>>> print(open('final-v7.txt').read())   # compact mmCIF, C-alpha atoms
# COMPACT_ATOMS: atom_id res chain seq x y z
CA MET A 1 0.00 0.00 0.00
CA LYS A 2 2.89 2.30 0.87
CA LYS A 3 4.40 1.78 -2.59
CA PHE A 4 1.05 2.72 -4.15
CA TYR A 5 1.03 6.11 -2.40
CA ILE A 6 4.67 6.71 -3.29
CA SER A 7 3.92 5.98 -6.94
CA ILE A 8 0.98 8.44 -6.83
CA MET A 9 3.22 11.13 -5.31
CA LEU A 10 5.94 10.55 -7.90
CA ALA A 11 3.38 10.71 -10.72
CA ALA A 12 1.98 13.97 -9.29
CA ILE A 13 5.50 15.48 -9.22
CA VAL A 14 6.07 14.42 -12.86
CA ILE A 15 2.72 15.92 -13.93
CA ALA A 16 3.45 19.17 -12.09
CA GLY A 17 6.77 19.33 -13.94
CA ILE A 18 5.14 18.69 -17.33
CA THR A 19 2.47 21.33 -16.63
CA ALA A 20 5.10 23.88 -15.62
CA SER A 21 7.15 23.17 -18.76
CA ILE A 22 4.04 23.59 -20.94
CA ASN A 23 3.32 26.96 -19.29
CA ILE A 24 6.93 28.09 -19.68
CA LYS A 25 6.84 27.06 -23.34
CA ASN A 26 3.67 29.12 -23.87
CA GLU A 27 5.21 32.19 -22.20
CA GLU A 28 8.31 31.93 -24.35
CA GLN A 29 6.45 31.73 -27.65
CA PRO A 30 7.44 34.56 -30.01
CA GLU A 31 5.07 37.42 -30.71
CA ASN A 32 3.83 37.38 -34.29
CA ILE A 33 2.00 40.04 -36.28
CA PHE A 34 -1.09 39.36 -38.37
CA ALA A 35 -3.24 41.69 -40.47
CA SER A 36 -6.34 41.79 -42.68
CA ASN A 37 -7.52 44.52 -45.01
CA LEU A 38 -10.71 45.64 -46.72
CA TRP A 39 -10.19 46.71 -50.34
CA SER A 40 -12.13 48.88 -52.69
CA ASP A 41 -12.67 47.13 -56.02
CA GLU A 42 -10.84 49.99 -57.75
CA VAL A 43 -7.56 48.14 -57.17
CA LEU A 44 -8.81 45.54 -59.69
CA ASN A 45 -8.81 48.27 -62.34
CA ASN A 46 -5.43 48.44 -64.12
CA SER A 47 -5.96 52.05 -65.20
CA PHE A 48 -6.55 53.02 -61.54
CA LEU A 49 -3.33 51.25 -60.55
CA ALA A 50 -1.41 52.98 -63.35
CA ASP A 51 -2.80 56.40 -62.41
CA HIS A 52 -1.61 55.91 -58.82
CA SER A 53 1.81 54.58 -59.80
CA ASP A 54 5.10 56.44 -60.19
CA SER A 55 6.37 53.67 -62.45
CA VAL A 56 5.17 50.55 -64.26
CA VAL A 57 7.74 47.95 -65.29
CA THR A 58 8.37 44.38 -66.24
CA GLY A 59 11.39 42.70 -64.65
CA HIS A 60 12.65 39.72 -62.75
CA VAL A 61 13.60 38.99 -59.16
CA ILE A 62 17.38 38.84 -58.68
CA LYS A 63 17.61 38.81 -54.89
CA ILE A 64 15.43 38.60 -51.79
CA LEU A 65 17.10 40.27 -48.81
CA PRO A 66 16.77 39.17 -45.17
CA SER A 67 13.67 40.54 -43.43
CA ARG A 68 13.94 43.46 -40.99
CA TRP A 69 11.80 45.30 -38.48
CA ASN A 70 10.89 48.88 -39.42
CA THR A 71 13.10 50.24 -36.66
CA ALA A 72 16.29 52.25 -37.13
CA ASP A 73 18.47 49.19 -36.47
CA GLY A 74 16.14 46.67 -38.13
CA LEU A 75 15.73 44.84 -34.84
CA LYS A 76 12.61 44.15 -32.80
CA PRO A 77 11.10 47.34 -31.35
CA ILE A 78 11.33 47.71 -27.59
CA SER A 79 8.39 49.30 -25.85
CA THR A 80 9.56 52.11 -23.60
CA GLY A 81 6.22 52.35 -21.85
CA LYS A 82 6.51 56.09 -22.33
CA MET A 83 3.33 58.18 -22.64
CA ALA A 84 3.19 60.57 -25.57
CA SER A 85 3.37 64.24 -24.66
CA SER A 86 2.33 65.52 -28.10
CA LYS A 87 0.29 64.42 -31.10
CA GLU A 88 3.51 63.89 -33.10
CA GLU A 89 4.96 61.70 -30.37
CA SER A 90 1.70 59.79 -30.16
CA GLU A 91 1.74 59.15 -33.90
CA ALA A 92 5.33 57.91 -33.68
CA ILE A 93 4.42 55.51 -30.86
CA GLN A 94 1.31 54.36 -32.74
CA LYS A 95 3.28 53.70 -35.94
CA GLU A 96 2.66 50.10 -36.73
CA ASN A 97 5.60 47.85 -36.00
CA VAL A 98 6.07 45.72 -39.07
CA ILE A 99 8.53 43.25 -40.50
CA TYR A 100 9.40 43.94 -44.12
CA THR A 101 11.35 42.15 -46.82
CA ASP A 102 13.21 43.95 -49.60
CA VAL A 103 13.27 42.37 -53.04
CA LEU A 104 15.75 43.40 -55.76
CA ILE A 105 14.19 43.60 -59.20
CA LYS A 106 16.13 43.89 -62.46
CA VAL A 107 13.97 46.05 -64.70
CA ASP A 108 13.57 44.58 -68.18
CA LYS A 109 11.09 47.07 -69.66
CA LYS A 110 10.01 50.53 -68.50
CA ILE A 111 6.33 51.02 -69.31
CA LYS A 112 5.76 54.16 -67.24
CA ASN A 113 8.64 56.43 -66.13
CA ASN A 114 11.78 55.96 -68.20
CA LEU A 115 13.90 57.43 -65.39
CA ILE A 116 13.45 54.45 -63.07
CA PRO A 117 16.84 52.74 -62.33
CA SER A 118 17.65 49.42 -63.95
CA VAL A 119 17.76 47.68 -60.57
CA ILE A 120 15.19 48.67 -57.93
CA ILE A 121 14.27 47.72 -54.38
CA VAL A 122 10.64 46.69 -53.89
CA ARG A 123 9.65 46.61 -50.22
CA THR A 124 7.01 44.10 -49.13
CA LEU A 125 5.31 43.64 -45.77
CA GLY A 126 5.87 40.34 -44.01
CA GLY A 127 8.75 38.05 -43.24
CA GLN A 128 10.59 36.60 -40.30
CA VAL A 129 13.29 38.07 -38.04
CA GLY A 130 14.60 35.52 -35.56
CA GLU A 131 11.55 33.74 -34.22
CA GLU A 132 9.14 36.63 -34.85
CA LYS A 133 7.01 36.53 -37.98
CA MET A 134 4.70 38.93 -39.74
CA ILE A 135 2.05 37.41 -41.97
CA GLU A 136 0.65 39.91 -44.47
CA GLN A 137 -1.82 38.13 -46.71
CA ASP A 138 -2.49 41.14 -48.90
CA ASP A 139 0.97 42.26 -49.92
CA ALA A 140 2.81 41.10 -53.03
CA LYS A 141 4.89 37.92 -52.66
CA PHE A 142 7.99 37.25 -54.78
CA GLU A 143 10.12 34.26 -55.68
CA LEU A 144 13.73 34.33 -56.77
CA GLY A 145 13.97 34.35 -60.58
CA GLU A 146 10.27 35.17 -60.99
CA ASN A 147 9.30 37.33 -63.99
CA VAL A 148 6.94 40.08 -62.95
CA PHE A 149 4.82 43.00 -64.16
CA LEU A 150 4.66 45.68 -61.45
CA PHE A 151 2.76 48.86 -60.70
CA LEU A 152 5.07 50.80 -58.38
CA THR A 153 4.76 53.71 -55.98
CA LYS A 154 7.19 55.52 -53.71
CA GLU A 155 4.46 56.01 -51.10
CA ASP A 156 5.21 53.85 -48.08
CA PRO A 157 2.96 54.14 -45.02
CA PHE A 158 5.09 51.75 -42.98
CA THR A 159 8.75 52.63 -43.45
CA ASP A 160 10.61 55.86 -44.12
CA ASN A 161 11.02 56.56 -47.83
CA SER A 162 11.64 60.29 -47.67
CA VAL A 163 14.62 60.01 -50.01
CA GLY A 164 12.86 57.57 -52.35
CA THR A 165 15.27 54.68 -52.00
CA HIS A 166 12.68 52.00 -52.52
CA TYR A 167 9.31 51.29 -54.11
CA ARG A 168 6.19 49.54 -52.92
CA VAL A 169 3.73 47.74 -55.16
CA THR A 170 0.76 50.02 -55.85
CA GLY A 171 -2.38 48.37 -54.48
CA TRP A 172 -0.20 45.77 -52.73
CA LYS A 173 -0.90 42.25 -54.12
CA PHE A 174 -3.28 43.67 -56.72
CA GLY A 175 -0.44 45.56 -58.45
CA LYS A 176 1.84 42.56 -59.00
CA PHE A 177 1.51 40.01 -61.80
CA SER A 178 3.65 36.94 -62.41
CA VAL A 179 4.60 36.68 -66.07
CA THR A 180 4.66 33.20 -67.58
CA LYS A 181 6.83 31.96 -70.47
CA ASP A 182 3.88 32.29 -72.82
CA ASN A 183 3.50 35.98 -71.82
CA GLN A 184 0.45 35.65 -69.62
CA ALA A 185 0.23 37.94 -66.57
CA ILE A 186 -1.22 36.10 -63.58
CA ARG A 187 -2.51 37.00 -60.09
CA LEU A 188 -3.71 33.74 -58.54
CA ASP A 189 -5.08 34.95 -55.20
CA LEU A 190 -7.99 36.90 -56.75
CA PRO A 191 -11.48 36.32 -58.17
CA LYS A 192 -11.17 34.21 -61.33
CA GLU A 193 -12.01 36.99 -63.80
CA HIS A 194 -9.06 39.05 -62.51
CA GLN A 195 -6.49 36.26 -62.37
CA LYS A 196 -5.13 36.14 -65.90
CA ILE A 197 -4.51 38.60 -68.74
CA ALA A 198 -2.19 38.55 -71.75
CA LEU A 199 0.91 40.66 -71.05
CA GLU A 200 0.39 42.68 -74.23
CA GLU A 201 -3.24 43.35 -73.32
CA LEU A 202 -2.19 44.40 -69.82
CA SER A 203 0.42 46.81 -71.17
CA ASN A 204 -2.05 48.22 -73.67
CA SER A 205 -4.81 48.53 -71.07
CA ILE A 206 -2.89 51.14 -69.10
CA GLY A 207 -1.89 53.05 -72.24
CA ALA A 208 1.44 54.70 -72.96
CA GLN A 209 1.99 56.94 -69.93
CA MET B 1 -1.25 -9.41 -8.03
CA ASN B 2 -3.19 -6.66 -6.24
CA ARG B 3 -0.07 -4.51 -6.26
CA ASN B 4 0.32 -4.94 -10.03
CA ILE B 5 -3.33 -4.02 -10.60
CA ARG B 6 -2.94 -0.88 -8.47
CA PHE B 7 0.16 0.13 -10.39
CA GLY B 8 -1.66 -0.54 -13.68
CA ILE B 9 -4.68 1.54 -12.67
CA SER B 10 -2.57 4.44 -11.37
CA ALA B 11 -0.45 4.45 -14.55
CA LEU B 12 -3.62 4.50 -16.69
CA LEU B 13 -5.14 7.36 -14.67
CA MET B 14 -1.93 9.36 -14.86
CA THR B 15 -1.68 8.85 -18.61
CA LEU B 16 -5.27 10.08 -19.05
CA LEU B 17 -4.54 13.09 -16.85
CA VAL B 18 -1.42 14.03 -18.83
CA VAL B 19 -3.26 13.64 -22.14
CA SER B 20 -6.11 15.86 -20.88
CA LEU B 21 -3.59 18.57 -19.88
CA VAL B 22 -1.79 18.57 -23.22
CA GLN B 23 -4.91 18.39 -25.42
CA PRO B 24 -7.58 20.92 -24.35
CA ALA B 25 -11.01 19.41 -24.72
CA SER B 26 -12.98 21.19 -27.44
CA ALA B 27 -15.46 20.24 -30.10
CA TYR B 28 -13.57 22.19 -32.79
CA ASP B 29 -10.11 23.43 -33.61
CA ALA B 30 -10.12 26.92 -35.15
CA PRO B 31 -6.79 27.43 -36.94
CA GLY B 32 -4.66 30.44 -36.13
CA PRO B 33 -4.71 32.73 -33.13
CA LYS B 34 -7.88 33.67 -31.25
CA TRP B 35 -8.84 35.41 -28.04
CA SER B 36 -8.25 33.40 -24.89
CA GLY B 37 -11.28 35.06 -23.28
CA THR B 38 -14.70 35.97 -24.62
CA SER B 39 -14.44 39.75 -24.80
CA VAL B 40 -12.29 42.51 -26.24
CA GLU B 41 -12.09 46.21 -25.38
CA TYR B 42 -12.11 48.91 -28.03
CA GLY B 43 -11.54 52.62 -27.60
CA TRP B 44 -10.65 55.80 -29.38
CA ASP B 45 -7.25 57.08 -30.29
CA TRP B 46 -6.44 59.52 -27.46
CA TRP B 47 -5.36 62.18 -29.96
CA GLN B 48 -8.79 62.04 -31.57
CA SER B 49 -8.03 60.93 -35.11
CA ILE B 50 -11.52 59.40 -35.00
CA PRO B 51 -14.15 62.13 -35.60
CA SER B 52 -16.77 62.34 -32.87
CA ASP B 53 -19.63 61.56 -35.30
CA TRP B 54 -17.95 58.24 -36.19
CA LYS B 55 -18.25 56.87 -32.66
CA THR B 56 -21.93 55.94 -32.83
CA PRO B 57 -21.55 54.01 -36.14
CA ILE B 58 -18.52 52.17 -34.71
CA ARG B 59 -20.44 51.38 -31.51
CA ASN B 60 -23.31 50.10 -33.69
CA ALA B 61 -20.86 47.78 -35.49
CA ALA B 62 -19.71 46.37 -32.14
CA THR B 63 -23.32 45.95 -30.99
CA THR B 64 -24.13 44.05 -34.18
CA TRP B 65 -21.51 41.42 -33.38
CA ASN B 66 -22.57 41.36 -29.71
CA ALA B 67 -26.05 40.35 -30.89
CA ALA B 68 -24.79 37.62 -33.24
CA GLY B 69 -25.62 34.80 -30.84
CA SER B 70 -22.11 33.97 -29.66
CA THR B 71 -20.65 34.41 -26.18
CA PHE B 72 -18.13 36.97 -27.43
CA ARG B 73 -18.54 40.64 -26.53
CA PHE B 74 -17.04 43.94 -27.66
CA ASN B 75 -16.83 46.44 -24.78
CA GLU B 76 -16.04 50.12 -25.19
CA ASP B 77 -13.30 51.15 -22.78
CA TYR B 78 -12.14 54.67 -22.01
CA TRP B 79 -8.59 53.51 -21.23
CA THR B 80 -8.15 51.57 -24.45
CA ALA B 81 -6.91 53.25 -27.65
CA ASN B 82 -7.04 50.88 -30.60
CA VAL B 83 -9.31 52.54 -33.18
CA TYR B 84 -7.45 54.94 -35.47
CA LYS B 85 -7.68 56.89 -38.69
CA LYS B 86 -4.32 56.93 -40.48
CA SER B 87 -2.79 57.17 -43.94
CA TYR B 88 -2.35 54.08 -46.12
CA GLY B 89 -2.29 55.94 -49.45
CA SER B 90 -5.05 56.45 -51.99
CA ALA B 91 -4.36 53.03 -53.54
CA GLY B 92 -4.07 51.36 -50.14
CA PRO B 93 -6.73 49.39 -48.27
CA VAL B 94 -9.96 51.09 -47.16
CA ALA B 95 -9.31 49.82 -43.63
CA ARG B 96 -6.92 47.51 -41.89
CA THR B 97 -6.98 45.30 -38.81
CA GLU B 98 -3.57 44.55 -37.37
CA GLY B 99 -2.80 42.46 -34.33
CA THR B 100 -0.15 40.56 -32.45
CA ALA B 101 -0.37 37.01 -31.19
CA SER B 102 1.74 34.69 -29.12
CA GLY B 103 1.17 31.11 -30.07
CA ASN B 104 -2.57 30.82 -30.53
CA ASN B 105 -3.47 33.73 -28.25
CA ILE B 106 -4.20 37.21 -29.60
CA LEU B 107 -2.43 39.84 -27.50
CA THR B 108 -3.29 43.17 -29.17
CA ILE B 109 -5.45 44.38 -32.02
CA SER B 110 -6.29 47.65 -33.77
CA LEU B 111 -8.76 48.93 -36.34
CA ASN B 112 -7.34 51.50 -38.74
CA PHE B 113 -9.44 53.52 -41.19
CA ASN B 114 -7.52 54.86 -44.19
CA SER B 115 -7.50 58.66 -43.93
CA ASP B 116 -6.74 58.92 -47.67
CA LYS B 117 -10.23 57.61 -48.53
CA SER B 118 -13.51 59.53 -48.45
CA TRP B 119 -15.85 58.64 -45.57
CA THR B 120 -19.52 59.00 -44.68
CA THR B 121 -21.66 58.01 -41.70
CA THR B 122 -24.88 58.00 -43.75
CA GLY B 123 -24.15 55.59 -46.58
CA ALA B 124 -23.84 58.45 -49.06
CA SER B 125 -22.61 57.38 -52.50
CA GLY B 126 -19.04 58.09 -53.52
CA LYS B 127 -17.79 57.53 -49.96
CA HIS B 128 -17.11 54.58 -47.69
CA ASP B 129 -19.62 54.08 -44.88
CA VAL B 130 -17.99 53.98 -41.43
CA GLN B 131 -20.40 51.45 -39.89
CA ASN B 132 -20.26 49.23 -42.98
CA VAL B 133 -16.47 49.07 -42.81
CA ALA B 134 -16.27 48.84 -38.99
CA THR B 135 -18.62 45.83 -38.95
CA HIS B 136 -16.39 44.06 -41.47
CA GLU B 137 -13.20 44.92 -39.57
CA PHE B 138 -14.64 43.83 -36.21
CA GLY B 139 -15.22 40.48 -37.91
CA HIS B 140 -11.44 40.34 -38.40
CA TRP B 141 -11.00 41.11 -34.70
CA LEU B 142 -12.94 37.89 -34.15
CA VAL B 143 -10.46 36.15 -36.52
CA LEU B 144 -12.99 35.70 -39.30
CA GLY B 145 -11.18 35.84 -42.64
CA ASP B 146 -12.01 37.67 -45.86
CA LEU B 147 -14.38 35.94 -48.27
CA THR B 148 -13.78 36.40 -51.99
CA GLY B 149 -16.10 33.89 -53.70
CA SER B 150 -18.83 35.02 -56.09
CA GLY B 151 -21.39 33.52 -53.68
CA ASP B 152 -20.08 35.60 -50.78
CA THR B 153 -20.74 39.12 -52.02
CA GLU B 154 -23.72 39.74 -49.68
CA LYS B 155 -21.84 38.67 -46.55
CA THR B 156 -20.25 41.08 -44.09
CA MET B 157 -16.92 39.29 -44.40
CA TYR B 158 -16.75 39.69 -48.20
CA GLY B 159 -13.29 41.25 -48.60
CA HIS B 160 -14.14 43.92 -51.18
CA THR B 161 -16.31 46.99 -51.33
CA PRO B 162 -17.40 48.88 -54.46
CA PRO B 163 -15.30 51.84 -55.63
CA SER B 164 -18.48 53.88 -55.99
CA GLY B 165 -18.88 53.72 -52.19
CA GLY B 166 -22.27 53.98 -50.52
CA GLU B 167 -22.25 50.31 -49.51
CA THR B 168 -24.15 49.58 -46.28
CA LYS B 169 -24.97 45.87 -46.62
CA LYS B 170 -21.99 44.87 -44.47
CA ARG B 171 -23.67 46.65 -41.53
CA THR B 172 -25.93 43.62 -41.01
CA LEU B 173 -24.68 40.06 -40.59
CA GLU B 174 -25.64 37.18 -42.84
CA GLN B 175 -26.23 33.76 -41.28
CA ASP B 176 -22.80 32.60 -42.47
CA ASP B 177 -21.12 35.47 -40.58
CA LYS B 178 -23.03 34.51 -37.42
CA ASP B 179 -22.25 30.82 -37.86
CA GLY B 180 -18.55 31.68 -38.09
CA ILE B 181 -18.40 33.52 -34.80
CA ILE B 182 -20.54 30.94 -33.01
CA TYR B 183 -18.27 28.22 -34.37
CA ILE B 184 -15.19 29.92 -32.97
CA TYR B 185 -16.44 31.23 -29.62
CA GLY B 186 -19.52 29.16 -28.93
CA ALA B 187 -23.24 30.03 -28.73
CA GLU B 188 -24.53 32.08 -25.83
>>> encode(input="final-v7.txt", output="structure tokens")
Amino acid sequence: MKKFYISIMLAAIVIAGITASINIKNEEQPENIFASNLWSDEVLNNSFLADHSDSVVTGHVIKILPSRWNTADGLKPISTGKMASSKEESEAIQKENVIYTDVLIKVDKKIKNNLIPSVIIVRTLGGQVGEEKMIEQDDAKFELGENVFLFLTKEDPFTDNSVGTHYRVTGWKFGKFSVTKDNQAIRLDLPKEHQKIALEELSNSIGAQ
Amino acid sequence: MNRNIRFGISALLMTLLVVSLVQPASAYDAPGPKWSGTSVEYGWDWWQSIPSDWKTPIRNAATTWNAAGSTFRFNEDYWTANVYKKSYGSAGPVARTEGTASGNNILTISLNFNSDKSWTTTGASGKHDVQNVATHEFGHWLVLGDLTGSGDTEKTMYGHTPPSGGETKKRTLEQDDKDGIIYIYGAE
């Protein structure tokens, strides 16, 4: 009988240990960012995208850089717990902390804005830094070597672009097409009627700008 | 023999106990993060980016979800600031919900109206209706995803809104929207 009670006690100690380790594991889990957006259907209109773009190009992905936080040092922001003493300070504190990933694009054809450099940085939301991830369903996704048709803007609500060092895709995922070998421009994550268009038709649809 | 039986029974009981600790008992398994409790607080940006006449439509959006038949509740809280109006560009989203999660638990969340878009509180054409958009975004707070199918256009969680504005049909929930929230948080 004594052995029975000892075995119960030992089992209880083991369970307490397992429970504690589960709790510690939960506390140590990294903090991830998620987001969802509501879109106006105007981003499905290629003329609208062109009108709101600084540049329109075709090109291909030559490099995908490591992801960074939108902080000065690219590392995870540290909350200071400081209260804002002005509207400007409040806006700075409220600025969304995001992880971004820069993609280098070799421009093959300039459709709008002939002054755009031959290699450009396109900044996309989302990525992973250490264990922290940001999942941004609605921004453009790129693969190394991918041929693309892009509507581009220098407007960036998330990271500083005051000197215009990078571009963002106008209308986020809606402004990026993958170009296939048979010159079809494709956006898969959209209603069927907006998924596929001939590259020539797409170029013509926005007109010579 | 009795000793072996006792050991066998205690080992079985302990195994069941460990399994019940590791696997929470639930009738469903909603993927992705969700709230660990059954309520969330919302409140206005302390520097008043939200116009005062927007507050009633946003409260109405919260009340709509509170009446959806689930246990989950939105509560307005003076000390909470997570509803904002900020710039996402004229070709950016109409509104955006952004949150943080640790594991499967949501930690923070915010609703952000795009200040570069035109807004109305009356459903006027050419502008986006605050309550219409807030009801959709509060659905995201409840971890409901965007719907994009041709059969989903009447639902609150349909992820697009017409460029002509004036849409108000997202103000009221369709049965599918209600079923989603009841599925995740349970019926009241």
>>> residues_near_point(input="final-v7.txt", point="(-22.8, 52.3, -46.7)", cutoff="8 Å", atoms="only C-alpha atoms", output="mmCIF file with C-alpha atoms, in the coordinates of the input")
data_model
loop_
_atom_site.group_PDB
_atom_site.id
_atom_site.type_symbol
_atom_site.label_atom_id
_atom_site.label_comp_id
_atom_site.auth_asym_id
_atom_site.auth_seq_id
_atom_site.Cartn_x
_atom_site.Cartn_y
_atom_site.Cartn_z
ATOM 1 C CA THR B 120 -19.520 59.000 -44.680
ATOM 2 C CA THR B 121 -21.660 58.010 -41.700
ATOM 3 C CA THR B 122 -24.880 58.000 -43.750
ATOM 4 C CA GLY B 123 -24.150 55.590 -46.580
ATOM 5 C CA ALA B 124 -23.840 58.450 -49.060
ATOM 6 C CA SER B 125 -22.610 57.380 -52.500
ATOM 7 C CA LYS B 127 -17.790 57.530 -49.960
ATOM 8 C CA HIS B 128 -17.110 54.580 -47.690
ATOM 9 C CA ASP B 129 -19.620 54.080 -44.880
ATOM 10 C CA VAL B 130 -17.990 53.980 -41.430
ATOM 11 C CA GLN B 131 -20.400 51.450 -39.890
ATOM 12 C CA ASN B 132 -20.260 49.230 -42.980
ATOM 13 C CA GLY B 165 -18.880 53.720 -52.190
ATOM 14 C CA GLY B 166 -22.270 53.980 -50.520
ATOM 15 C CA GLU B 167 -22.250 50.310 -49.510
ATOM 16 C CA THR B 168 -24.150 49.580 -46.280
ATOM 17 C CA LYS B 169 -24.970 45.870 -46.620
ATOM 18 C CA LYS B 170 -21.990 44.870 -44.470
ATOM 19 C CA ARG B 171 -23.670 46.650 -41.530
#
>>> closest_residue(input="final-v7.txt", among="B:Glu76, B:Gln175, B:Val143, B:Ser150", to="B:Thr56", atoms="all atoms listed in the file")
B:Glu76
>>> closest_atom_pairs(input="final-v7.txt", of="stretch 71-137 of chain B", to="stretch 139-162 of chain A", cutoff="7 Å", atoms="only C-alpha atoms", output="Markdown table")
| residue | atom | partner | partner_atom | distance |
| --- | --- | --- | --- | --- |
| B:Ser87 | CA | A:Pro157 | CA | 6.6 |
| B:Tyr88 | CA | A:Pro157 | CA | 5.4 |
| B:Gly89 | CA | A:Glu155 | CA | 6.9 |
>>> atom_distance(input="final-v7.txt", atom1="atom CA of A:Val56", atom2="atom CA of A:His194")
18.4 Å
>>> interface_residues(input="final-v7.txt", of="chain B", to="chain A", cutoff="6 Å", atoms="only C-alpha atoms", output="MDAnalysis selection string")
chainID B and resid 88 91:103 159:163
>>> atom_distance(input="final-v7.txt", atom1="atom CA of A:Leu125", atom2="atom CA of A:Pro77")
16.0 Å
>>> closest_residue(input="final-v7.txt", among="A:Thr71, A:Asn46, A:Ser203, A:Thr124", to="A:Thr101", atoms="only C-alpha atoms")
A:Thr124
>>> closest_residue(input="final-v7.txt", among="B:Ser110, B:Thr172, B:Trp79, B:Tyr183", to="B:Leu144", atoms="only C-alpha atoms")
B:Tyr183
>>> atom_distance(input="final-v7.txt", atom1="atom CA of B:Thr135", atom2="atom CA of B:Ala62")
6.9 Å
>>> residues_near_point(input="final-v7.txt", point="(-6.1, 52.6, -31.0)", cutoff="8 Å", atoms="all atoms listed in the file", output="PyMOL selection string")
(chain A and resi 94) or (chain B and resi 42-46+80-84+110-112)
>>> residues_around(input="final-v7.txt", residues="B:Thr71", least_positions_apart="6", cutoff="9 Å", atoms="only C-alpha atoms", output="list of chain:residue names")
B:Thr38, B:Ser39, B:Ile181, B:Ile182, B:Tyr185, B:Gly186, B:Ala187, B:Glu188
>>> closest_residue(input="final-v7.txt", among="A:Gln137, A:Thr58, A:Ser118, A:Gln128", to="A:Ile99", atoms="only C-alpha atoms")
A:Gln128
>>> closest_residue(input="final-v7.txt", among="B:Arg6, B:Gly32, B:Leu147, B:Ile184", to="B:Asn104", atoms="all atoms listed in the file")
B:Gly32
>>> closest_residue(input="final-v7.txt", among="A:Glu193, A:Glu131, A:Asp54, A:Asp73", to="A:Lys110", atoms="all atoms listed in the file")
A:Asp54
>>> build_atoms(input="final-v7.txt", residues="stretch 179-183 of chain A", atoms="all heavy atoms", output="PDB file, in the frame of the given file")
ATOM      1  N   VAL A 179       4.649  36.816 -64.609  1.00  0.00           N
ATOM      2  CA  VAL A 179       4.600  36.680 -66.070  1.00  0.00           C
ATOM      3  C   VAL A 179       5.109  35.286 -66.447  1.00  0.00           C
ATOM      4  O   VAL A 179       6.221  34.899 -66.059  1.00  0.00           O
ATOM      5  CB  VAL A 179       5.453  37.766 -66.755  1.00  0.00           C
ATOM      6  CG1 VAL A 179       5.428  37.580 -68.264  1.00  0.00           C
ATOM      7  CG2 VAL A 179       4.938  39.158 -66.379  1.00  0.00           C
ATOM      8  N   THR A 180       4.293  34.562 -67.194  1.00  0.00           N
ATOM      9  CA  THR A 180       4.660  33.200 -67.580  1.00  0.00           C
ATOM     10  C   THR A 180       5.466  33.210 -68.890  1.00  0.00           C
ATOM     11  O   THR A 180       5.556  34.245 -69.561  1.00  0.00           O
ATOM     12  CB  THR A 180       3.402  32.332 -67.776  1.00  0.00           C
ATOM     13  OG1 THR A 180       2.627  32.902 -68.850  1.00  0.00           O
ATOM     14  CG2 THR A 180       2.547  32.299 -66.518  1.00  0.00           C
ATOM     15  N   LYS A 181       6.014  32.056 -69.239  1.00  0.00           N
ATOM     16  CA  LYS A 181       6.830  31.960 -70.470  1.00  0.00           C
ATOM     17  C   LYS A 181       6.016  32.269 -71.717  1.00  0.00           C
ATOM     18  O   LYS A 181       6.552  32.725 -72.722  1.00  0.00           O
ATOM     19  CB  LYS A 181       7.450  30.563 -70.570  1.00  0.00           C
ATOM     20  CG  LYS A 181       8.601  30.368 -69.589  1.00  0.00           C
ATOM     21  CD  LYS A 181       9.179  28.966 -69.668  1.00  0.00           C
ATOM     22  CE  LYS A 181      10.302  28.824 -68.649  1.00  0.00           C
ATOM     23  NZ  LYS A 181      10.757  27.433 -68.550  1.00  0.00           N
ATOM     24  N   ASP A 182       4.714  31.993 -71.640  1.00  0.00           N
ATOM     25  CA  ASP A 182       3.880  32.290 -72.820  1.00  0.00           C
ATOM     26  C   ASP A 182       3.234  33.687 -72.698  1.00  0.00           C
ATOM     27  O   ASP A 182       2.186  33.953 -73.280  1.00  0.00           O
ATOM     28  CB  ASP A 182       2.813  31.200 -73.027  1.00  0.00           C
ATOM     29  CG  ASP A 182       1.906  31.043 -71.813  1.00  0.00           C
ATOM     30  OD1 ASP A 182       2.242  31.620 -70.751  1.00  0.00           O
ATOM     31  OD2 ASP A 182       0.879  30.361 -71.921  1.00  0.00           O
ATOM     32  N   ASN A 183       3.893  34.562 -71.924  1.00  0.00           N
ATOM     33  CA  ASN A 183       3.500  35.980 -71.820  1.00  0.00           C
ATOM     34  C   ASN A 183       2.083  36.215 -71.316  1.00  0.00           C
ATOM     35  O   ASN A 183       1.372  37.084 -71.817  1.00  0.00           O
ATOM     36  CB  ASN A 183       3.709  36.688 -73.173  1.00  0.00           C
ATOM     37  CG  ASN A 183       5.179  36.919 -73.447  1.00  0.00           C
ATOM     38  OD1 ASN A 183       5.955  37.156 -72.520  1.00  0.00           O
ATOM     39  ND2 ASN A 183       5.573  36.812 -74.704  1.00  0.00           N
TER      40      ASN A 183
END
